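Asker: As input, take protein-v1.txt (compact mmCIF, C-alpha atoms):
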```txt
# COMPACT_ATOMS: atom_id res chain seq x y z
CA MET U 1 28.47 82.09 77.10
CA THR U 2 30.73 81.42 74.15
CA ARG U 3 33.87 79.34 74.39
CA ALA U 4 35.92 82.44 73.58
CA SER U 5 34.47 84.48 76.43
CA THR U 6 34.93 81.56 78.85
CA ALA U 7 38.57 81.26 77.84
CA LEU U 8 39.09 85.00 78.28
CA ARG U 9 37.61 84.89 81.77
CA LYS U 10 39.85 81.98 82.77
CA LEU U 11 42.90 83.84 81.40
CA ALA U 12 41.95 86.96 83.35
CA ALA U 13 41.53 84.95 86.54
CA LEU U 14 44.94 83.27 86.09
CA THR U 15 46.60 86.62 85.40
CA ALA U 16 45.09 88.18 88.53
CA ALA U 17 46.21 85.24 90.66
CA ALA U 18 49.71 85.52 89.29
CA LEU U 19 49.82 89.24 90.08
CA ILE U 20 48.62 88.61 93.62
CA GLY U 21 51.33 85.98 94.04
CA VAL U 22 54.00 88.38 92.85
CA ALA U 23 52.77 91.09 95.21
CA ALA U 24 52.74 88.69 98.14
CA ALA U 25 56.19 87.26 97.44
CA PRO U 26 58.92 88.68 99.73
CA SER U 27 61.64 90.77 98.11
CA ALA U 28 65.17 89.45 97.93
CA ALA U 29 66.19 91.88 100.69
CA GLN U 30 63.37 90.62 102.92
CA ALA U 31 64.20 86.99 102.20
CA THR U 32 67.92 87.39 102.97
CA PRO U 33 68.43 90.05 105.66
CA ASP U 34 71.94 91.16 106.46
CA PRO U 35 73.64 89.11 109.17
CA LYS U 36 74.28 90.68 112.57
CA ALA U 37 77.59 91.03 114.34
CA PRO U 38 78.48 88.54 117.08
CA LYS U 39 77.93 89.85 120.61
CA ASP U 40 81.61 90.57 121.19
CA PHE U 41 81.81 93.20 118.41
CA VAL U 42 81.62 96.88 119.34
CA ALA U 43 81.91 100.30 117.75
CA LEU U 44 85.35 101.72 118.54
CA HIS U 45 83.79 105.14 119.19
CA ASP U 46 81.83 103.62 122.09
CA VAL U 47 85.05 102.37 123.68
CA ASP U 48 87.26 105.37 122.87
CA PRO U 49 85.75 108.44 121.18
CA THR U 50 89.14 110.20 121.10
CA ILE U 51 90.62 107.92 118.41
CA ILE U 52 90.34 109.65 115.04
CA GLN U 53 88.45 107.73 112.35
CA GLU U 54 89.07 108.29 108.63
CA MET U 55 87.38 105.28 107.11
CA ARG U 56 88.80 105.22 103.60
CA TYR U 57 86.77 102.36 102.11
CA TYR U 58 83.54 104.27 102.71
CA THR U 59 84.87 106.89 100.28
CA GLU U 60 86.21 107.05 96.73
CA HIS U 61 89.75 107.68 97.95
CA ASP U 62 91.02 104.11 97.92
CA PHE U 63 92.97 101.95 95.47
CA MET U 64 89.79 101.15 93.51
CA GLY U 65 88.49 104.70 93.31
CA GLU U 66 85.01 103.85 94.60
CA PRO U 67 83.25 103.05 97.89
CA VAL U 68 83.69 99.41 98.85
CA ASP U 69 80.82 96.94 99.21
CA GLY U 70 79.64 96.46 102.79
CA TYR U 71 80.65 99.85 104.20
CA LYS U 72 77.26 101.35 104.97
CA LYS U 73 78.64 103.81 107.54
CA PRO U 74 82.09 105.40 108.06
CA MET U 75 82.75 103.69 111.37
CA CYS U 76 85.27 101.34 112.95
CA LEU U 77 83.95 98.03 114.28
CA LEU U 78 86.20 95.68 116.26
CA THR U 79 86.01 92.82 118.70
CA ARG U 80 85.73 94.21 122.22
CA PRO U 81 89.15 92.91 123.35
CA ALA U 82 90.85 94.57 120.37
CA ALA U 83 89.00 97.85 120.95
CA GLN U 84 89.91 97.86 124.63
CA ALA U 85 93.57 97.17 123.85
CA LEU U 86 93.54 100.00 121.30
CA HIS U 87 92.08 102.30 123.96
CA LYS U 88 95.05 101.53 126.23
CA ALA U 89 97.49 102.35 123.44
CA GLN U 90 95.65 105.63 122.83
CA ILE U 91 95.97 106.65 126.49
CA GLY U 92 99.74 106.38 126.26
CA LEU U 93 99.95 108.33 123.00
CA LEU U 94 97.67 111.11 124.24
CA LYS U 95 100.09 111.74 127.10
CA GLU U 96 102.82 112.38 124.50
CA GLY U 97 100.67 114.70 122.38
CA TYR U 98 99.62 112.18 119.73
CA SER U 99 96.48 110.31 118.70
CA LEU U 100 95.80 107.13 116.80
CA LYS U 101 93.87 107.39 113.55
CA VAL U 102 92.19 104.35 112.00
CA TYR U 103 91.71 103.89 108.26
CA ASP U 104 90.01 100.48 108.34
CA CYS U 105 88.94 98.01 111.00
CA TYR U 106 86.55 95.08 110.61
CA ARG U 107 86.09 94.37 106.90
CA PRO U 108 83.15 92.26 105.69
CA GLN U 109 83.83 89.37 103.32
CA ARG U 110 81.73 91.10 100.66
CA ALA U 111 84.31 93.92 100.70
CA VAL U 112 87.14 91.42 100.20
CA ASP U 113 85.17 89.93 97.31
CA HIS U 114 84.89 93.42 95.83
CA PHE U 115 88.69 93.77 96.01
CA VAL U 116 89.10 90.45 94.21
CA ARG U 117 86.70 91.42 91.39
CA TRP U 118 88.53 94.70 90.93
CA ALA U 119 91.96 93.02 90.88
CA LYS U 120 90.81 90.68 88.10
CA ASP U 121 89.58 93.60 85.98
CA LEU U 122 92.90 94.52 84.39
CA ASP U 123 91.34 97.35 82.40
CA ASP U 124 90.49 99.33 85.55
CA GLN U 125 93.62 101.35 86.31
CA THR U 126 91.82 104.42 87.70
CA MET U 127 93.95 104.85 90.84
CA LYS U 128 97.21 103.30 89.69
CA ALA U 129 99.13 106.59 89.66
CA GLU U 130 98.67 106.96 93.42
CA PHE U 131 98.40 103.51 94.96
CA TYR U 132 100.45 101.15 92.77
CA PRO U 133 102.56 103.15 90.28
CA ARG U 134 105.43 100.63 90.22
CA VAL U 135 103.34 97.42 90.38
CA ASP U 136 101.74 95.75 87.37
CA LYS U 137 98.13 94.94 88.19
CA THR U 138 98.63 91.38 86.96
CA ARG U 139 100.94 90.89 90.00
CA LEU U 140 98.53 91.94 92.76
CA PHE U 141 97.63 88.38 93.79
CA ALA U 142 101.09 86.88 93.35
CA ASP U 143 102.74 89.70 95.30
CA GLY U 144 100.23 89.40 98.15
CA TYR U 145 98.54 92.78 97.83
CA ILE U 146 95.11 91.20 97.22
CA ALA U 147 93.82 87.90 98.66
CA GLU U 148 90.48 86.10 98.77
CA LYS U 149 90.44 86.13 102.59
CA SER U 150 91.49 88.83 105.03
CA GLY U 151 92.21 88.84 108.74
CA HIS U 152 90.19 92.08 108.84
CA SER U 153 87.05 89.96 108.41
CA ARG U 154 87.70 88.36 111.80
CA GLY U 155 87.44 91.64 113.68
CA SER U 156 90.79 91.99 115.44
CA THR U 157 92.85 93.45 112.58
CA LEU U 158 92.98 97.13 111.65
CA ASP U 159 94.87 99.70 109.59
CA LEU U 160 96.00 102.84 111.40
CA THR U 161 98.55 105.59 111.89
CA VAL U 162 99.59 108.29 114.36
CA VAL U 163 98.60 111.97 114.22
CA LYS U 164 100.22 114.88 116.04
CA LEU U 165 97.76 116.88 118.17
CA PRO U 166 96.00 119.17 117.64
CA ALA U 167 94.94 117.31 114.50
CA ARG U 168 94.08 119.18 111.36
CA PRO U 169 91.45 117.39 109.26
CA THR U 170 92.56 115.73 106.04
CA ARG U 171 91.03 117.55 103.09
CA PRO U 172 88.42 115.65 101.08
CA TYR U 173 89.52 113.76 97.99
CA ALA U 174 88.06 115.13 94.75
CA PRO U 175 87.33 112.30 92.28
CA GLY U 176 89.27 112.88 89.09
CA GLU U 177 91.92 115.08 90.68
CA GLN U 178 95.54 114.62 89.62
CA LEU U 179 97.11 111.69 91.47
CA THR U 180 100.63 111.56 92.90
CA PRO U 181 102.63 108.46 93.92
CA CYS U 182 102.02 107.18 97.43
CA TYR U 183 105.76 106.67 97.95
CA GLY U 184 106.79 110.23 97.09
CA PRO U 185 107.93 112.87 99.58
CA LYS U 186 105.23 113.79 102.08
CA ALA U 187 104.81 117.27 100.59
CA GLU U 188 104.03 115.70 97.22
CA ARG U 189 101.71 112.89 98.34
CA PHE U 190 97.97 113.28 98.88
CA PRO U 191 97.76 115.41 102.05
CA ASP U 192 97.17 113.39 105.21
CA ASN U 193 97.36 114.64 108.81
CA SER U 194 99.31 111.47 109.70
CA LEU U 195 102.90 111.66 110.81
CA ASP U 196 105.26 111.04 107.89
CA MET U 197 105.54 107.26 107.67
CA GLY U 198 107.46 107.22 104.40
CA THR U 199 104.45 106.28 102.25
CA GLY U 200 100.75 106.91 102.26
CA PHE U 201 98.19 104.37 103.48
CA ASP U 202 97.54 101.37 101.21
CA CYS U 203 100.66 102.00 99.17
CA PHE U 204 101.32 98.87 97.09
CA ASP U 205 105.07 99.23 97.17
CA THR U 206 108.01 97.64 98.96
CA LEU U 207 108.77 101.01 100.56
CA ALA U 208 105.69 100.38 102.71
CA HIS U 209 107.40 97.36 104.32
CA THR U 210 107.70 98.33 107.96
CA ASP U 211 111.45 97.73 108.21
CA ASP U 212 112.47 98.68 104.69
CA PRO U 213 116.07 99.92 105.10
CA ARG U 214 115.44 102.94 102.88
CA VAL U 215 113.15 104.38 105.55
CA GLN U 216 115.33 106.24 108.02
CA GLY U 217 115.35 109.29 110.29
CA VAL U 218 112.01 110.83 111.24
CA GLN U 219 110.04 108.36 109.10
CA ARG U 220 111.68 105.41 110.88
CA ALA U 221 111.04 107.00 114.28
CA ASN U 222 107.37 107.51 113.41
CA ARG U 223 106.92 103.90 112.34
CA ASP U 224 108.58 102.77 115.56
CA LEU U 225 106.35 105.06 117.60
CA LEU U 226 103.27 103.34 116.17
CA ARG U 227 104.73 99.83 116.53
CA ASN U 228 105.90 100.37 120.10
CA ALA U 229 102.58 101.85 121.24
CA LEU U 230 100.58 98.98 119.78
CA GLY U 231 103.07 96.23 120.57
CA ALA U 232 102.89 97.09 124.26
CA GLN U 233 99.17 96.22 124.16
CA GLY U 234 99.43 92.92 122.26
CA PHE U 235 99.18 94.05 118.64
CA VAL U 236 101.49 92.52 116.03
CA ASN U 237 102.48 94.25 112.80
CA LEU U 238 102.31 92.75 109.31
CA PRO U 239 105.88 93.31 108.01
CA GLU U 240 104.71 94.20 104.50
CA GLU U 241 102.47 97.08 105.66
CA TRP U 242 103.49 99.62 108.28
CA TRP U 243 99.81 100.44 108.97
CA HIS U 244 98.50 96.86 109.46
CA TYR U 245 98.15 95.40 112.99
CA THR U 246 96.39 92.42 114.54
CA TYR U 247 95.47 91.93 118.19
CA LEU U 248 96.71 88.39 118.72
CA PRO U 249 95.59 87.41 122.23
CA TYR U 250 92.09 87.24 120.80
CA GLN U 251 91.18 85.90 117.37
CA PRO U 252 87.73 84.60 116.39
CA ASP U 253 87.60 81.45 114.30
CA ALA U 254 85.31 82.74 111.54
CA TYR U 255 85.40 85.26 108.70
CA PHE U 256 82.29 87.46 109.02
CA ASP U 257 80.18 89.25 106.42
CA PHE U 258 77.84 91.56 108.33
CA PRO U 259 77.96 95.13 106.93
CA VAL U 260 79.75 97.99 108.65
CA SER U 261 76.89 99.86 110.30
CA ARG U 262 75.41 100.62 113.70
CA ARG U 263 72.46 98.40 112.78
CA SER U 264 74.79 95.37 112.64
CA LEU U 265 75.51 95.85 116.35
CA THR U 266 71.87 95.97 117.47
CA GLY U 267 71.68 94.50 120.95
CA ASN U 268 75.46 94.46 121.53
CA ARG U 269 76.68 95.94 124.83
```
Could you take the file, read its structure, and then write that structure out as structure tokens?

Answerer:
Amino acid sequence: MTRASTALRKLAALTAAALIGVAAAPSAAQATPDPKAPKDFVALHDVDPTIIQEMRYYTEHDFMGEPVDGYKKPMCLLTRPAAQALHKAQIGLLKEGYSLKVYDCYRPQRAVDHFVRWAKDLDDQTMKAEFYPRVDKTRLFADGYIAEKSGHSRGSTLDLTVVKLPARPTRPYAPGEQLTPCYGPKAERFPDNSLDMGTGFDCFDTLAHTDDPRVQGVQRANRDLLRNALGAQGFVNLPEEWWHYTYLPYQPDAYFDFPVSRRSLTGNR
């Protein structure tokens, strides 16, 4: 056998071994599986199936204009104590002919990271005309609209509203449709079956402050209806956002990053 043929055989053997090694190596997904939810997390639907769920960050109708990282299913996950307290608030509202509707519940850290990346991309102004018409995007961090950590990632914070029953479904958002300011009159905003709260959900504007003095009449009464129903069950409002509430008697110590999906709750009862 010539030296050339011997060298070619050795090269072929090394190449085959390398290919076998590549085939046997686990994929990145296999090597780093998604984390699971702690045992005290539940799907809200399992605790109260009557609460309406319109999970905005699973869709393109949010302030970024695209589905958010970590939302694999359009479902609300919460700690069990928060879900049970929300169920009690719902019972009271149902008796008055209303229902709660949630927009966002547990939010994985990867979703918060997605918000941060978007906020730093000053060229992306896709949804400005609806969600932040009067706010310069360079101010989103300084004004507190975007942060690197969120109480949502702890499982006891959620964004929600009140709907008059019987509830008509909110029409789907069509990407690219003409946008209207979130602070405009209800008839001019994107249609939502929510009671008129004075602004739409996720409106980056001072008019969304829960006690803004410009909000009066029916809009003020609707905000108070939501606050009173939740406050009676231990939820506390964030003053800058009429839709944002946290169940305070229970707060986990960690910020979690498991995705929003039924699979994340495997084994939870």

Asker: For Glu54 (chain U), which residue out of U:Ala83, U:Ala187, U:Val163, U:Val42 is the nearest one, using only C-alpha atoms?

Answerer: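 The answer is U:Val163, which sits nearest to Glu54 (chain U).
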
Asker: Measure the distance from CA of Ser156 (chain U) to CA of Phe256 (chain U) in Å and round it to one decimal.

Answerer: 11.6 Å

Asker: One number please: CA of Val218 (chain U) to CA of Phe235 (chain U), in Å, one decimal.

Answerer: 22.4 Å

Asker: Record the distance separating CA of Arg107 (chain U) and CA of His152 (chain U), expressed in Å with one decimal.

Answerer: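 Result for CA of Arg107 (chain U) versus CA of His152 (chain U): 5.1 Å, one decimal.
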
Asker: Please identify all polymer residues within 10 Å of Ser150 (chain U), counting all atoms listed in the file, omitting same-chain residues fewer than 6 positions from it, and present them as a list of chain:residue names.

Answerer: U:Tyr106, U:Arg107, U:Pro108, U:Gln109, U:Ala111, U:Val112, U:Thr157, U:Tyr255

Asker: Identify which of the residues U:Ala37, U:Ala167, U:Ala85, U:Met64 lies closest to Gln233 (chain U), counting only C-alpha atoms when measuring atom-to-atom distances.

Answerer: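 Checking each of U:Ala37, U:Ala167, U:Ala85, U:Met64 against Gln233 (chain U), counting only C-alpha atoms, the winner is U:Ala85.
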
Asker: Between U:His114, U:Gln219, U:Tyr247, U:Asp211, which has the minimum distance to Lys186 (chain U) (counting all atoms listed in the file)?

Answerer: U:Gln219

Asker: Mind checking which residues fall within 9 Å of Val68 (chain U), counting only C-alpha atoms, ignoring those fewer than 6 positions away in the same chain, and posting them as a JSON list (two decimals) with C-alpha atoms, in the coordinates of the input?

Answerer:
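Output saved as part_12.json:
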```json
[["chain", "number", "residue", "atom", "x", "y", "z"],
["U", 57, "TYR", "CA", 86.77, 102.36, 102.11],
["U", 58, "TYR", "CA", 83.54, 104.27, 102.71],
["U", 59, "THR", "CA", 84.87, 106.89, 100.28],
["U", 60, "GLU", "CA", 86.21, 107.05, 96.73],
["U", 62, "ASP", "CA", 91.02, 104.11, 97.92],
["U", 110, "ARG", "CA", 81.73, 91.10, 100.66],
["U", 111, "ALA", "CA", 84.31, 93.92, 100.70],
["U", 112, "VAL", "CA", 87.14, 91.42, 100.20],
["U", 114, "HIS", "CA", 84.89, 93.42, 95.83],
["U", 115, "PHE", "CA", 88.69, 93.77, 96.01]]
```

Asker: For Met197 (chain U), which residue out of U:Leu165, U:Leu158, U:Ser99, U:Trp242 is the nearest one, using only C-alpha atoms?

Answerer: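 For Met197 (chain U), the nearest of the candidates is U:Trp242.
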
Asker: Quick one: residues within 12 Å of Leu225 (chain U), all atoms listed in the file counted, chain neighbours fewer than 2 positions away excluded, as a VMD selection string?

Answerer: chain U and resid 89 to 90 92 to 93 96 98 to 100 161 to 164 195 to 197 210 218 to 223 227 to 232 242 to 243

Asker: Edge lengths and centre, in Å to one decimal, as JSON: that's what I need for the box along x, y and z that holds all listed atoms of region 40-45 of chain U plus 8 Å on each side.

Answerer:
```
{"center_x": 83.5, "center_y": 97.9, "center_z": 119.5, "size_x": 19.7, "size_y": 30.6, "size_z": 19.4}
```

Asker: Of the candidates U:Pro166, U:Pro67, U:Pro74, U:Pro133, which one gets nearest to Gly97 (chain U) if we count all atoms listed in the file?

Answerer: U:Pro166

Asker: For a quick check of understanding, using only C-alpha atoms, which of U:Ala43, U:Ala129, U:Ala208, U:Cys105 has the smallest distance to Gly155 (chain U)?

Answerer: U:Cys105

Asker: Up to 7 Å from (80.0, 91.6, 112.9) in the file's coordinates: name the residues, counting all atoms listed in the file, as a list in words.

Answerer: Lys36, Ala37, Pro38, Phe41, Phe256, Asp257, Phe258 and Ser264 of chain U

Asker: Counting all atoms listed in the file, write as a list in words all protein and nucleic acid residues lying at most 6 Å from (107.5, 94.2, 103.7) in the file's frame.

Answerer: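 The residues near that point, listed by chain and number, are Thr206, His209, Thr210, Pro239 and Glu240 of chain U.
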
Asker: Give me, as a PDB file with C-alpha atoms, in the frame of the given file, all polymer residues having an atom no more than 9 Å from Lys137 (chain U), counting only C-alpha atoms and skipping those fewer than 6 positions away in the same chain.

Answerer:
```pdb
ATOM      1  CA  ALA U 119      91.960  93.020  90.880  1.00  0.00           C
ATOM      2  CA  LYS U 120      90.810  90.680  88.100  1.00  0.00           C
ATOM      3  CA  ASP U 121      89.580  93.600  85.980  1.00  0.00           C
ATOM      4  CA  LEU U 122      92.900  94.520  84.390  1.00  0.00           C
ATOM      5  CA  GLN U 125      93.620 101.350  86.310  1.00  0.00           C
ATOM      6  CA  LYS U 128      97.210 103.300  89.690  1.00  0.00           C
TER       7      LYS U 128
END
```
